[in-house]
$ cat run20.csv   # CSV, C-alpha atoms
chain,number,residue,atom,x,y,z
A,144,MET,CA,0.7,55.7,142.6
A,145,PRO,CA,-1.0,52.3,143.1
A,146,GLU,CA,-4.7,52.3,143.2
A,147,LYS,CA,-6.1,52.1,146.8
A,148,LYS,CA,-8.0,48.9,147.4
A,149,GLU,CA,-11.4,49.2,148.9
A,150,GLU,CA,-11.4,47.9,152.5
A,151,TYR,CA,-13.5,44.7,152.9
A,152,LYS,CA,-16.6,45.3,154.9
A,153,PHE,CA,-17.4,42.4,157.2
A,154,GLN,CA,-21.0,41.3,157.4
A,155,THR,CA,-22.8,42.0,160.6
A,156,LEU,CA,-26.1,40.6,161.9
A,157,HIS,CA,-27.9,43.8,161.1
A,158,CYS,CA,-29.6,44.8,157.9
A,159,ASP,CA,-27.9,47.7,156.2
A,160,LYS,CA,-31.3,49.1,155.0
A,161,CYS,CA,-33.6,48.8,158.0
A,162,LYS,CA,-31.2,47.8,160.8
A,163,ASP,CA,-33.3,44.8,161.9
A,164,TRP,CA,-31.6,41.6,163.0
A,165,LEU,CA,-30.8,39.1,160.2
A,166,LYS,CA,-31.5,35.4,160.4
A,167,LEU,CA,-30.1,32.4,158.5
A,168,GLU,CA,-32.2,30.8,155.9
A,169,PHE,CA,-31.4,28.1,153.3
A,170,LYS,CA,-32.3,29.2,149.8
A,171,ASN,CA,-31.6,28.3,146.2
A,172,PHE,CA,-28.4,30.0,145.0
A,173,ASP,CA,-28.0,30.3,141.3
A,174,GLU,CA,-25.4,33.0,140.3
A,175,THR,CA,-22.6,33.4,137.9
A,176,LYS,CA,-19.3,34.4,139.4
A,177,ASP,CA,-16.1,35.0,137.3
A,178,GLY,CA,-17.6,33.0,134.4
A,179,ILE,CA,-18.7,30.1,136.6
A,180,ARG,CA,-22.3,29.3,137.1
A,181,ILE,CA,-22.8,28.3,140.8
A,182,ILE,CA,-25.9,26.4,141.8
A,183,VAL,CA,-26.5,25.5,145.4
A,184,PRO,CA,-30.1,24.5,146.2
A,185,ASP,CA,-29.6,25.0,150.0
A,186,MET,CA,-27.2,27.8,150.4
A,187,PRO,CA,-27.2,29.5,153.8
A,188,ILE,CA,-28.2,33.1,153.3
A,189,LEU,CA,-28.6,35.9,155.8
A,190,VAL,CA,-32.1,37.3,155.4
A,191,CYS,CA,-33.8,40.4,156.9
A,192,PRO,CA,-37.3,39.3,158.1
A,193,SER,CA,-38.5,43.0,157.9
A,194,CYS,CA,-37.5,44.1,154.4
A,195,GLY,CA,-36.5,40.8,152.8
A,196,THR,CA,-32.9,42.0,151.9
A,197,GLU,CA,-30.5,39.1,151.5
A,198,TYR,CA,-26.8,38.9,152.3
A,199,ASN,CA,-24.1,36.3,151.7
A,200,SER,CA,-22.1,35.4,154.8
A,201,ASP,CA,-18.4,36.2,155.1
A,202,TRP,CA,-17.6,32.5,154.9
A,203,THR,CA,-19.5,32.3,151.6
A,204,LYS,CA,-17.8,35.4,150.1
A,205,ILE,CA,-14.3,34.9,151.4
A,206,PHE,CA,-13.9,31.1,151.3
A,207,PHE,CA,-16.7,29.1,149.6
A,208,ILE,CA,-17.3,31.0,146.3
A,209,PRO,CA,-13.5,31.7,145.6
A,210,TRP,CA,-12.9,27.9,146.3
A,211,ILE,CA,-15.6,27.0,143.8
A,212,ILE,CA,-14.2,29.3,141.2
A,213,GLU,CA,-10.7,28.0,141.6
A,214,GLU,CA,-11.7,24.3,141.6
A,215,SER,CA,-14.0,24.8,138.6
A,216,LYS,CA,-11.2,26.5,136.6
A,217,LYS,CA,-8.8,23.7,137.4
A,218,ARG,CA,-11.3,21.2,136.1
A,219,GLY,CA,-12.2,23.3,133.1
A,220,THR,CA,-15.9,23.4,133.9
A,221,LYS,CA,-18.2,26.4,133.8
A,222,LEU,CA,-20.8,24.9,136.1
A,223,PHE,CA,-20.8,23.9,139.7
A,224,LYS,CA,-23.6,22.1,141.5
A,225,GLY,CA,-23.5,21.2,145.2
A,226,GLY,CA,-25.3,21.1,148.5
A,227,MET,CA,-24.7,22.2,152.1
A,228,LYS,CA,-26.5,19.3,153.9
A,229,LYS,CA,-23.2,17.6,154.8
A,230,ALA,CA,-21.8,20.8,156.3
A,231,SER,CA,-24.9,21.1,158.5
A,232,GLU,CA,-24.4,17.7,159.9
A,233,THR,CA,-20.8,18.3,161.0
A,234,ARG,CA,-20.2,17.4,164.7
A,235,TYR,CA,-17.8,19.4,166.8
A,236,ASP,CA,-15.5,18.0,169.5
A,237,LEU,CA,-17.8,19.5,172.2
A,238,CYS,CA,-20.5,17.8,174.4
A,239,LYS,CA,-19.7,14.5,172.9
A,240,ASP,CA,-21.3,12.8,175.9
A,241,VAL,CA,-24.7,14.4,175.0
A,242,ASN,CA,-25.9,14.3,171.5
A,243,PHE,CA,-27.4,17.8,171.3
A,244,LYS,CA,-29.2,18.8,168.1
A,245,TYR,CA,-27.5,21.7,166.4
A,246,ASP,CA,-26.5,22.9,162.9
A,247,ALA,CA,-22.8,23.5,162.3
A,248,ASN,CA,-23.6,25.9,159.5
A,249,ASP,CA,-24.9,28.4,162.2
A,250,CYS,CA,-21.4,28.8,163.6
A,251,LYS,CA,-19.9,29.2,160.1
A,252,MET,CA,-22.4,31.5,158.6
A,253,ILE,CA,-23.9,33.7,161.3
A,254,PRO,CA,-21.7,36.8,161.9
A,255,GLY,CA,-19.6,36.7,165.1
A,256,LEU,CA,-20.0,33.0,165.9
A,257,HIS,CA,-16.8,31.8,164.3
A,258,SER,CA,-13.8,32.7,166.5
A,259,GLN,CA,-10.1,32.0,166.0
A,260,PHE,CA,-9.6,32.4,169.8
A,261,ALA,CA,-12.1,29.7,170.8
A,262,LYS,CA,-12.3,26.0,170.2
A,263,GLU,CA,-13.9,25.2,166.8
A,264,GLY,CA,-17.7,25.2,167.2
A,265,PHE,CA,-17.7,26.9,170.6
A,266,PHE,CA,-20.3,29.5,169.6
A,267,THR,CA,-22.6,27.1,167.9
A,268,PRO,CA,-26.1,27.9,169.2
A,269,VAL,CA,-28.0,25.0,170.8
A,270,PHE,CA,-31.8,25.6,171.0
A,271,PHE,CA,-34.3,24.6,173.6
A,272,GLU,CA,-38.1,24.9,174.2
A,273,ARG,CA,-38.7,27.9,176.5
A,274,LYS,CA,-40.2,25.6,179.2
A,275,VAL,CA,-36.7,24.4,179.8
A,276,LEU,CA,-36.5,27.4,182.2
A,277,HIS,CA,-39.3,26.0,184.4
A,278,LYS,CA,-36.9,23.9,186.5
A,279,TYR,CA,-34.6,26.8,187.1
A,280,LEU,CA,-37.3,29.2,188.1
A,281,SER,CA,-39.1,26.8,190.4
A,282,PHE,CA,-36.4,25.3,192.7
A,283,ASP,CA,-34.6,27.1,195.4
A,284,GLU,CA,-31.1,25.7,194.5
A,285,TYR,CA,-31.3,27.7,191.3
A,286,ARG,CA,-31.4,31.4,190.6
A,287,VAL,CA,-32.2,33.1,187.3
A,288,ASP,CA,-30.9,36.6,186.7
A,289,ILE,CA,-32.6,38.5,183.9
A,290,ALA,CA,-30.2,41.0,182.3
A,291,GLY,CA,-32.7,42.0,179.6
A,292,ASN,CA,-35.8,40.9,177.8
A,293,THR,CA,-33.8,38.3,175.9
A,294,PHE,CA,-30.7,37.7,178.0
A,295,GLY,CA,-30.5,35.8,181.3
A,296,THR,CA,-28.1,33.7,183.4
A,297,ILE,CA,-28.9,30.5,185.4
A,298,PHE,CA,-26.9,30.0,188.7
A,299,HIS,CA,-26.8,26.8,190.7
A,300,ASN,CA,-25.7,27.6,194.2
A,301,ASP,CA,-22.0,28.4,193.9
A,302,ASP,CA,-21.2,25.5,191.6
A,303,TRP,CA,-21.9,26.7,188.1
A,304,TYR,CA,-23.7,29.2,185.9
A,305,LEU,CA,-25.0,29.3,182.3
A,306,SER,CA,-26.0,32.3,180.3
A,307,PHE,CA,-28.8,32.1,177.6
A,308,GLY,CA,-30.7,34.1,175.1
A,309,ILE,CA,-34.3,34.0,173.9
A,310,ASN,CA,-34.8,34.5,170.2
A,311,ARG,CA,-37.7,36.0,168.2
A,312,ASN,CA,-39.4,32.6,168.0
A,313,GLY,CA,-39.3,32.2,171.8
A,314,LYS,CA,-36.6,29.6,171.7
A,315,VAL,CA,-34.0,29.5,174.5
A,316,PHE,CA,-30.4,29.0,173.2
A,317,CYS,CA,-26.9,28.7,174.7
A,318,TRP,CA,-23.4,28.3,173.2
A,319,LEU,CA,-22.3,24.7,172.7
A,320,GLY,CA,-18.9,25.5,174.3
A,321,ASP,CA,-20.6,26.9,177.4
A,322,LEU,CA,-22.6,23.7,177.7
A,323,GLU,CA,-19.3,21.8,177.5
A,324,GLU,CA,-17.3,23.9,179.9
A,325,LYS,CA,-19.7,25.4,182.4
A,326,ILE,CA,-22.2,22.8,183.5
A,327,PRO,CA,-22.0,19.2,184.7
A,328,GLN,CA,-23.0,16.2,182.6
A,329,LYS,CA,-26.1,15.6,184.6
A,330,GLU,CA,-27.4,19.0,183.8
A,331,ARG,CA,-26.6,18.5,180.1
A,332,GLN,CA,-28.8,15.4,180.1
A,333,TYR,CA,-31.7,17.5,181.5
A,334,LEU,CA,-31.2,20.2,178.9
A,335,LEU,CA,-31.2,17.5,176.2
A,336,SER,CA,-34.8,16.6,177.1
A,337,GLU,CA,-35.9,20.1,175.8
A,338,ASN,CA,-33.4,20.4,172.9
A,339,VAL,CA,-34.9,21.2,169.5
A,340,GLU,CA,-33.6,21.7,166.0
A,341,SER,CA,-32.0,25.0,165.2
A,342,ASP,CA,-34.2,27.7,163.8
A,343,HIS,CA,-31.0,29.7,162.8
A,344,ASP,CA,-32.1,32.9,164.6
A,345,VAL,CA,-29.8,34.3,167.4
A,346,ALA,CA,-31.2,37.8,167.5
A,347,SER,CA,-31.2,38.8,171.1
A,348,GLU,CA,-29.6,40.9,173.8
A,349,PHE,CA,-27.6,37.8,174.7
A,350,TYR,CA,-26.0,37.7,171.2
A,351,ALA,CA,-25.4,41.4,171.3
A,352,ALA,CA,-23.6,41.3,174.7
A,353,THR,CA,-21.6,38.2,174.1
A,354,ARG,CA,-20.7,38.3,170.4
A,355,GLU,CA,-21.0,42.0,169.5
A,356,ALA,CA,-19.8,43.3,172.9
A,357,GLU,CA,-22.8,45.6,172.7
A,358,PHE,CA,-23.7,46.5,176.3
A,359,SER,CA,-26.4,49.0,175.5
A,360,GLU,CA,-28.6,50.7,178.0
A,361,LEU,CA,-31.4,48.4,179.2
A,362,SER,CA,-34.8,49.1,177.9
A,363,ASN,CA,-37.4,50.1,180.4
A,364,GLU,CA,-39.0,46.6,180.1
A,365,SER,CA,-35.6,45.0,180.7
A,366,MET,CA,-35.0,47.2,183.7
A,367,LEU,CA,-38.4,46.1,185.1
A,368,LEU,CA,-37.3,42.4,184.7
A,369,LYS,CA,-34.0,43.1,186.3
A,370,THR,CA,-35.5,44.8,189.4
A,371,ARG,CA,-38.1,42.1,189.6
A,372,SER,CA,-35.4,39.4,189.6
A,373,ALA,CA,-33.5,41.3,192.4
A,374,PHE,CA,-36.6,41.6,194.5
A,375,GLU,CA,-37.4,37.9,194.0
A,376,GLU,CA,-33.8,37.0,195.0
A,377,LEU,CA,-34.1,39.1,198.2
A,378,CYS,CA,-37.3,37.4,199.2
A,379,LYS,CA,-35.8,33.9,198.7
A,380,ASN,CA,-32.5,34.6,200.5
A,381,LYS,CA,-33.6,36.8,203.3
A,382,PHE,CA,-37.1,35.7,204.1
A,383,LYS,CA,-37.2,32.2,202.6
A,384,LEU,CA,-40.3,33.4,200.7
A,385,LYS,CA,-41.3,32.1,197.3
A,386,VAL,CA,-42.9,35.3,196.2
A,387,PHE,CA,-43.6,34.1,192.6
A,388,ASP,CA,-45.2,30.8,191.5
A,389,TYR,CA,-44.0,29.6,188.1
A,390,GLU,CA,-46.3,26.6,187.9
A,391,LYS,CA,-48.6,28.8,185.7
A,392,LYS,CA,-45.9,29.0,183.0
A,393,GLU,CA,-45.3,32.8,183.4
A,394,TYR,CA,-41.7,31.9,182.4
A,395,GLU,CA,-43.0,31.4,178.8
A,396,ILE,CA,-43.5,35.1,178.3
A,397,LEU,CA,-40.2,36.4,179.7
A,398,GLY,CA,-39.0,37.3,176.3
A,399,GLU,CA,-42.2,39.0,175.1
A,400,LEU,CA,-41.9,42.2,177.1
A,401,VAL,CA,-41.3,44.5,174.1
A,402,ARG,CA,-42.4,48.0,173.9
A,403,PRO,CA,-45.5,48.4,171.7
A,404,VAL,CA,-45.3,50.0,168.3
A,405,ASN,CA,-49.0,50.8,167.9
A,406,TRP,CA,-50.7,52.6,170.8
A,407,ASN,CA,-54.2,51.3,170.3
A,408,GLU,CA,-56.1,48.5,172.1
A,409,LYS,CA,-54.8,45.9,169.7
A,410,GLY,CA,-51.3,47.2,169.9
A,411,VAL,CA,-51.0,47.1,173.7
A,412,ILE,CA,-53.2,44.3,175.0
A,413,HIS,CA,-50.6,41.5,174.5
A,414,ILE,CA,-47.9,43.2,176.6
A,415,ILE,CA,-50.4,44.3,179.2
A,416,ASN,CA,-51.5,40.7,179.5
A,417,CYS,CA,-47.8,39.6,179.8
A,418,LEU,CA,-47.1,42.2,182.5
A,419,THR,CA,-50.2,41.1,184.4
A,420,LYS,CA,-49.1,37.5,184.3
A,421,LEU,CA,-45.6,38.3,185.5
A,422,CYS,CA,-46.3,40.9,188.1
A,423,ILE,CA,-49.8,40.0,189.4
A,424,GLU,CA,-50.9,36.5,188.5
A,425,ALA,CA,-47.5,35.0,189.3
A,426,LEU,CA,-47.7,36.1,192.9
A,427,ASP,CA,-47.7,33.0,195.2
A,428,SER,CA,-50.8,33.8,197.4
A,429,GLU,CA,-50.3,30.7,199.6
A,430,SER,CA,-46.7,31.6,200.4
A,431,LEU,CA,-47.7,35.2,201.1
A,432,LYS,CA,-50.4,34.1,203.4
A,433,THR,CA,-48.0,31.9,205.4
A,434,GLU,CA,-45.5,34.7,205.7
A,435,ILE,CA,-48.2,37.2,206.8
A,436,LYS,CA,-49.5,34.9,209.4
A,437,GLY,CA,-46.0,34.7,210.8
A,438,LEU,CA,-46.0,38.5,211.1
A,439,ASP,CA,-49.5,38.9,212.4
A,440,GLY,CA,-51.5,35.9,213.2
A,441,GLN,CA,-54.7,37.8,214.0
A,442,LEU,CA,-55.4,39.0,210.4
A,443,ASP,CA,-58.3,37.5,208.4
A,444,LEU,CA,-56.8,36.8,205.0
A,445,LYS,CA,-59.7,34.8,203.5
A,446,LYS,CA,-61.0,37.5,201.1
A,447,MET,CA,-57.6,38.8,200.1
A,448,GLY,CA,-56.3,38.3,196.6
A,449,GLY,CA,-52.7,38.3,195.4
A,450,LEU,CA,-52.3,42.1,195.2
A,451,LYS,CA,-53.9,42.8,198.6
A,452,LEU,CA,-51.8,40.1,200.2
A,453,PHE,CA,-48.7,41.6,198.6
A,454,GLU,CA,-49.7,45.0,199.9
A,455,LYS,CA,-50.3,43.7,203.4
A,456,TRP,CA,-46.9,41.9,203.4
A,457,ILE,CA,-45.1,45.1,202.4
A,458,GLU,CA,-47.0,47.0,205.2
A,459,LEU,CA,-46.0,44.5,207.8
A,460,ARG,CA,-42.4,44.1,206.7
A,461,SER,CA,-41.3,47.7,207.2
A,462,LYS,CA,-42.9,50.9,208.4
A,463,LYS,CA,-40.4,52.7,206.1
A,464,LEU,CA,-42.3,51.4,203.1
A,465,ASP,CA,-45.4,53.2,201.9
A,466,ALA,CA,-47.4,50.1,200.9
A,467,TYR,CA,-50.3,52.1,199.3
A,468,ASN,CA,-48.1,54.1,196.9
A,469,ILE,CA,-45.8,51.2,196.2
A,470,MET,CA,-48.8,49.1,195.1
A,471,LYS,CA,-50.5,51.8,193.1
A,472,PRO,CA,-48.9,50.9,189.7
A,473,PHE,CA,-49.8,47.3,190.2
A,474,PHE,CA,-53.4,48.1,190.8
A,475,VAL,CA,-53.4,50.4,187.8
A,476,LEU,CA,-52.0,47.6,185.7
A,477,TYR,CA,-54.8,45.4,186.9
A,478,ASP,CA,-57.5,47.9,186.0
A,479,PHE,CA,-55.9,48.7,182.6
A,480,ARG,CA,-56.0,45.0,181.8
A,481,VAL,CA,-59.7,44.9,182.8
A,482,VAL,CA,-60.5,47.8,180.5
A,483,LEU,CA,-58.7,46.2,177.6
A,484,ASP,CA,-60.5,42.9,178.1
A,485,HIS,CA,-63.9,44.5,177.3
A,486,LYS,CA,-65.6,43.1,180.3
A,487,LEU,CA,-67.1,46.5,181.3
A,488,SER,CA,-69.7,48.7,179.7
A,489,ASP,CA,-68.3,51.6,177.7
A,490,GLN,CA,-69.2,54.0,180.5
A,491,GLU,CA,-67.6,51.8,183.2
A,492,ALA,CA,-64.5,51.3,181.1
A,493,LYS,CA,-64.1,55.0,180.5
A,494,LYS,CA,-64.5,55.7,184.3
A,495,ARG,CA,-61.9,53.1,185.2
A,496,LEU,CA,-59.5,54.2,182.6
A,497,ASP,CA,-59.8,57.8,183.8
A,498,PHE,CA,-59.1,56.6,187.3
A,499,CYS,CA,-55.9,54.9,186.0
A,500,TYR,CA,-54.7,58.2,184.5
A,501,GLU,CA,-55.6,60.0,187.7
A,502,ARG,CA,-53.7,57.7,190.1
A,503,LEU,CA,-50.5,57.9,188.0
A,504,GLY,CA,-50.7,61.7,187.7
A,505,ILE,CA,-51.5,61.8,184.0
A,506,SER,CA,-53.6,64.9,183.5
A,507,ASN,CA,-52.5,66.5,180.2
A,508,ASN,CA,-53.1,64.6,177.0
A,509,PRO,CA,-53.8,61.2,178.6
A,510,ASN,CA,-53.2,58.3,176.3
A,511,PHE,CA,-52.2,54.6,176.3
A,512,GLU,CA,-48.5,55.3,175.6
A,513,ARG,CA,-48.2,57.6,178.6
A,514,LEU,CA,-50.1,55.2,180.8
A,515,TYR,CA,-48.0,52.3,179.7
A,516,ASP,CA,-44.7,54.2,180.4
A,517,LYS,CA,-46.0,55.3,183.9
A,518,ILE,CA,-46.9,51.7,184.7
A,519,ILE,CA,-43.5,50.3,183.7
A,520,GLU,CA,-41.7,53.1,185.5
A,521,GLY,CA,-43.9,52.7,188.6
A,522,ILE,CA,-43.6,49.0,189.0
A,523,THR,CA,-39.8,49.1,188.4
A,524,LYS,CA,-39.5,51.8,191.1
A,525,SER,CA,-41.6,49.8,193.5
A,526,TYR,CA,-39.5,46.6,193.1
A,527,SER,CA,-36.3,48.7,193.6
A,528,GLU,CA,-37.7,50.5,196.7
A,529,ILE,CA,-38.8,47.3,198.4
A,530,THR,CA,-35.4,45.7,197.7
A,531,ASN,CA,-33.4,48.7,198.9
A,532,VAL,CA,-35.3,49.1,202.1
A,533,LEU,CA,-35.5,45.4,203.0
A,534,GLY,CA,-32.2,44.3,201.7
$ encode --input "run20.csv" --output "structure tokens"
Amino acid sequence: MPEKKEEYKFQTLHCDKCKDWLKLEFKNFDETKDGIRIIVPDMPILVCPSCGTEYNSDWTKIFFIPWIIEESKKRGTKLFKGGMKKASETRYDLCKDVNFKYDANDCKMIPGLHSQFAKEGFFTPVFFERKVLHKYLSFDEYRVDIAGNTFGTIFHNDDWYLSFGINRNGKVFCWLGDLEEKIPQKERQYLLSENVESDHDVASEFYAATREAEFSELSNESMLLKTRSAFEELCKNKFKLKVFDYEKKEYEILGELVRPVNWNEKGVIHIINCLTKLCIEALDSESLKTEIKGLDGQLDLKKMGGLKLFEKWIELRSKKLDAYNIMKPFFVLYDFRVVLDHKLSDQEAKKRLDFCYERLGISNNPNFERLYDKIIEGITKSYSEITNVLG
């Protein structure tokens, strides 16, 4: 009986040891394969940023190294020296009207990006500064749907749409083929203004959904963003209300809503600050005041801040909505942030923190993790309730 061949295991973008996402790095490669010493000073290697484990790409294992061995044997040499810079500079027959910066090695070396069913180079990632989103979040002709912490889609009226990811370095990226096929040349020119060199990291829900077909259940943080986006869209379409003001660059932290790992002050303060910016500080007070005056011109709004204005708007919009309870998690978020900022005495901070627990019904074993979960759950529920009742 012939010996059964071991089935080839294709490389994924996940570390076999710790399951973290891999990223592409260019490292010195000096190994001997089949009697041939191979030296490549800038070999693209898949590296796990968490545990440091390195992997060769399928292209390297299946095509590049076997080709080197074959050519070296033909020439009767035991040593191969070469570089990958020329491969990086390859230009694909896509977006030729706009000279986007990208690295062709990304498409070859990153698992899932080379496809025999798409035009060559289609899934090459093209990277942008995160502030590229500012335009799309600020003008009424655009809509941004957030499908997760690191996955969104830009819509322009009924003309076109473009999906994007946000990687671990906060860079926005799209596929080169989508930039060619889905948006007009004028829009490509705008995107070019924020185009940056590749950092070779596509780890994101966008990659998982579009190249791994991994439609996993949304995290609680992603669900909050999704319901917030739906609420914002309702306000814009039904009431012509610009409920959020993105001039303050809240868009820059859209990809940073990640559940904390350490449940101490240092571990939670960043995401609490991010939540505060997105859900409280981003409220457009002037737009809310204008809207409220149209509903009740007798109200004195001078001393009302963003949260109180938001509460009053909810109250006036529908008697079916319990404005006080809807706003409760927002006010708790605000107070929690004040506690973490150390602007209170220890006694005052404890009193306010206890009041946070009390308002969200946390009596047994109160701690930061339970409070955080209740805030996320509460704000998500509030956005959904407003949208469902007013929609």
$ closest_residue --input "run20.csv" --among "A:Asp497, A:Glu408, A:Asp388, A:Glu213" --to "Lys420 in chain A" --atoms "all atoms listed in the file"
A:Asp388
$ atom_distance --input "run20.csv" --atom1 "CA of Lys314 in chain A" --atom2 "CA of Glu375 in chain A"
23.8 Å
$ atom_distance --input "run20.csv" --atom1 "CA of Phe260 in chain A" --atom2 "CA of Trp164 in chain A"
24.8 Å
$ atom_distance --input "run20.csv" --atom1 "CA of Lys463 in chain A" --atom2 "CA of Leu503 in chain A"
21.4 Å
$ closest_residue --input "run20.csv" --among "A:Asn363, A:His157, A:Lys217, A:Tyr477" --to "Cys417 in chain A" --atoms "all atoms listed in the file"
A:Tyr477
$ closest_residue --input "run20.csv" --among "A:Glu214, A:Asp427, A:Asp288, A:Glu348" --to "Ser372 in chain A" --atoms "all atoms listed in the file"
A:Asp288
$ residues_around --input "run20.csv" --residues "Phe387 in chain A" --least-positions-apart "3" --cutoff "10 Å" --atoms "all atoms listed in the file" --output "compact mmCIF listing (two decimals) with C-alpha atoms, keeping the file's coordinate frame"
# COMPACT_ATOMS: atom_id res chain seq x y z
CA LEU A 280 -37.30 29.20 188.10
CA SER A 281 -39.10 26.80 190.40
CA GLU A 375 -37.40 37.90 194.00
CA CYS A 378 -37.30 37.40 199.20
CA LYS A 379 -35.80 33.90 198.70
CA LEU A 384 -40.30 33.40 200.70
CA GLU A 390 -46.30 26.60 187.90
CA GLU A 393 -45.30 32.80 183.40
CA LEU A 421 -45.60 38.30 185.50
CA CYS A 422 -46.30 40.90 188.10
CA ILE A 423 -49.80 40.00 189.40
CA GLU A 424 -50.90 36.50 188.50
CA ALA A 425 -47.50 35.00 189.30
CA LEU A 426 -47.70 36.10 192.90
CA ASP A 427 -47.70 33.00 195.20
CA SER A 428 -50.80 33.80 197.40
CA SER A 430 -46.70 31.60 200.40
CA LEU A 431 -47.70 35.20 201.10
$ residues_around --input "run20.csv" --residues "Leu444 in chain A" --least-positions-apart "5" --cutoff "10 Å" --atoms "all atoms listed in the file" --output "list of chain:residue names"
A:Lys432, A:Ile435, A:Lys436, A:Lys451, A:Leu452, A:Lys455
$ closest_residue --input "run20.csv" --among "A:Met470, A:Ile309, A:Ala351, A:Ala290" --to "Gly255 in chain A" --atoms "all atoms listed in the file"
A:Ala351
$ residues_around --input "run20.csv" --residues "range 229-243 of chain A" --least-positions-apart "2" --cutoff "12 Å" --atoms "only C-alpha atoms" --output "VMD selection string"
chain A and resid 169 185 to 187 207 225 to 227 245 to 252 261 to 271 316 to 341 343
$ write_last_selection --input "run20.csv" --atoms "C-alpha atoms" --output "PDB file, keeping the file's coordinate frame"
ATOM      1  CA  PHE A 169     -31.400  28.100 153.300  1.00  0.00           C
ATOM      2  CA  ASP A 185     -29.600  25.000 150.000  1.00  0.00           C
ATOM      3  CA  MET A 186     -27.200  27.800 150.400  1.00  0.00           C
ATOM      4  CA  PRO A 187     -27.200  29.500 153.800  1.00  0.00           C
ATOM      5  CA  PHE A 207     -16.700  29.100 149.600  1.00  0.00           C
ATOM      6  CA  GLY A 225     -23.500  21.200 145.200  1.00  0.00           C
ATOM      7  CA  GLY A 226     -25.300  21.100 148.500  1.00  0.00           C
ATOM      8  CA  MET A 227     -24.700  22.200 152.100  1.00  0.00           C
ATOM      9  CA  TYR A 245     -27.500  21.700 166.400  1.00  0.00           C
ATOM     10  CA  ASP A 246     -26.500  22.900 162.900  1.00  0.00           C
ATOM     11  CA  ALA A 247     -22.800  23.500 162.300  1.00  0.00           C
ATOM     12  CA  ASN A 248     -23.600  25.900 159.500  1.00  0.00           C
ATOM     13  CA  ASP A 249     -24.900  28.400 162.200  1.00  0.00           C
ATOM     14  CA  CYS A 250     -21.400  28.800 163.600  1.00  0.00           C
ATOM     15  CA  LYS A 251     -19.900  29.200 160.100  1.00  0.00           C
ATOM     16  CA  MET A 252     -22.400  31.500 158.600  1.00  0.00           C
ATOM     17  CA  ALA A 261     -12.100  29.700 170.800  1.00  0.00           C
ATOM     18  CA  LYS A 262     -12.300  26.000 170.200  1.00  0.00           C
ATOM     19  CA  GLU A 263     -13.900  25.200 166.800  1.00  0.00           C
ATOM     20  CA  GLY A 264     -17.700  25.200 167.200  1.00  0.00           C
ATOM     21  CA  PHE A 265     -17.700  26.900 170.600  1.00  0.00           C
ATOM     22  CA  PHE A 266     -20.300  29.500 169.600  1.00  0.00           C
ATOM     23  CA  THR A 267     -22.600  27.100 167.900  1.00  0.00           C
ATOM     24  CA  PRO A 268     -26.100  27.900 169.200  1.00  0.00           C
ATOM     25  CA  VAL A 269     -28.000  25.000 170.800  1.00  0.00           C
ATOM     26  CA  PHE A 270     -31.800  25.600 171.000  1.00  0.00           C
ATOM     27  CA  PHE A 271     -34.300  24.600 173.600  1.00  0.00           C
ATOM     28  CA  PHE A 316     -30.400  29.000 173.200  1.00  0.00           C
ATOM     29  CA  CYS A 317     -26.900  28.700 174.700  1.00  0.00           C
ATOM     30  CA  TRP A 318     -23.400  28.300 173.200  1.00  0.00           C
ATOM     31  CA  LEU A 319     -22.300  24.700 172.700  1.00  0.00           C
ATOM     32  CA  GLY A 320     -18.900  25.500 174.300  1.00  0.00           C
ATOM     33  CA  ASP A 321     -20.600  26.900 177.400  1.00  0.00           C
ATOM     34  CA  LEU A 322     -22.600  23.700 177.700  1.00  0.00           C
ATOM     35  CA  GLU A 323     -19.300  21.800 177.500  1.00  0.00           C
ATOM     36  CA  GLU A 324     -17.300  23.900 179.900  1.00  0.00           C
ATOM     37  CA  LYS A 325     -19.700  25.400 182.400  1.00  0.00           C
ATOM     38  CA  ILE A 326     -22.200  22.800 183.500  1.00  0.00           C
ATOM     39  CA  PRO A 327     -22.000  19.200 184.700  1.00  0.00           C
ATOM     40  CA  GLN A 328     -23.000  16.200 182.600  1.00  0.00           C
ATOM     41  CA  LYS A 329     -26.100  15.600 184.600  1.00  0.00           C
ATOM     42  CA  GLU A 330     -27.400  19.000 183.800  1.00  0.00           C
ATOM     43  CA  ARG A 331     -26.600  18.500 180.100  1.00  0.00           C
ATOM     44  CA  GLN A 332     -28.800  15.400 180.100  1.00  0.00           C
ATOM     45  CA  TYR A 333     -31.700  17.500 181.500  1.00  0.00           C
ATOM     46  CA  LEU A 334     -31.200  20.200 178.900  1.00  0.00           C
ATOM     47  CA  LEU A 335     -31.200  17.500 176.200  1.00  0.00           C
ATOM     48  CA  SER A 336     -34.800  16.600 177.100  1.00  0.00           C
ATOM     49  CA  GLU A 337     -35.900  20.100 175.800  1.00  0.00           C
ATOM     50  CA  ASN A 338     -33.400  20.400 172.900  1.00  0.00           C
ATOM     51  CA  VAL A 339     -34.900  21.200 169.500  1.00  0.00           C
ATOM     52  CA  GLU A 340     -33.600  21.700 166.000  1.00  0.00           C
ATOM     53  CA  SER A 341     -32.000  25.000 165.200  1.00  0.00           C
ATOM     54  CA  HIS A 343     -31.000  29.700 162.800  1.00  0.00           C
TER      55      HIS A 343
END
$ residues_around --input "run20.csv" --residues "Arg502 in chain A" --least-positions-apart "5" --cutoff "12 Å" --atoms "only C-alpha atoms" --output "list in words"
Tyr467, Asn468, Ile469, Met470, Lys471, Pro472, Phe473, Phe474, Val475, Leu476, Asp478, Phe479, Arg495, Leu496, Asp497, Leu514, Lys517, Ile518 and Gly521 of chain A
$ residues_around --input "run20.csv" --residues "Ile188 in chain A" --least-positions-apart "4" --cutoff "7 Å" --atoms "only C-alpha atoms" --output "ChimeraX atom specification"
/A:167-170,197-200
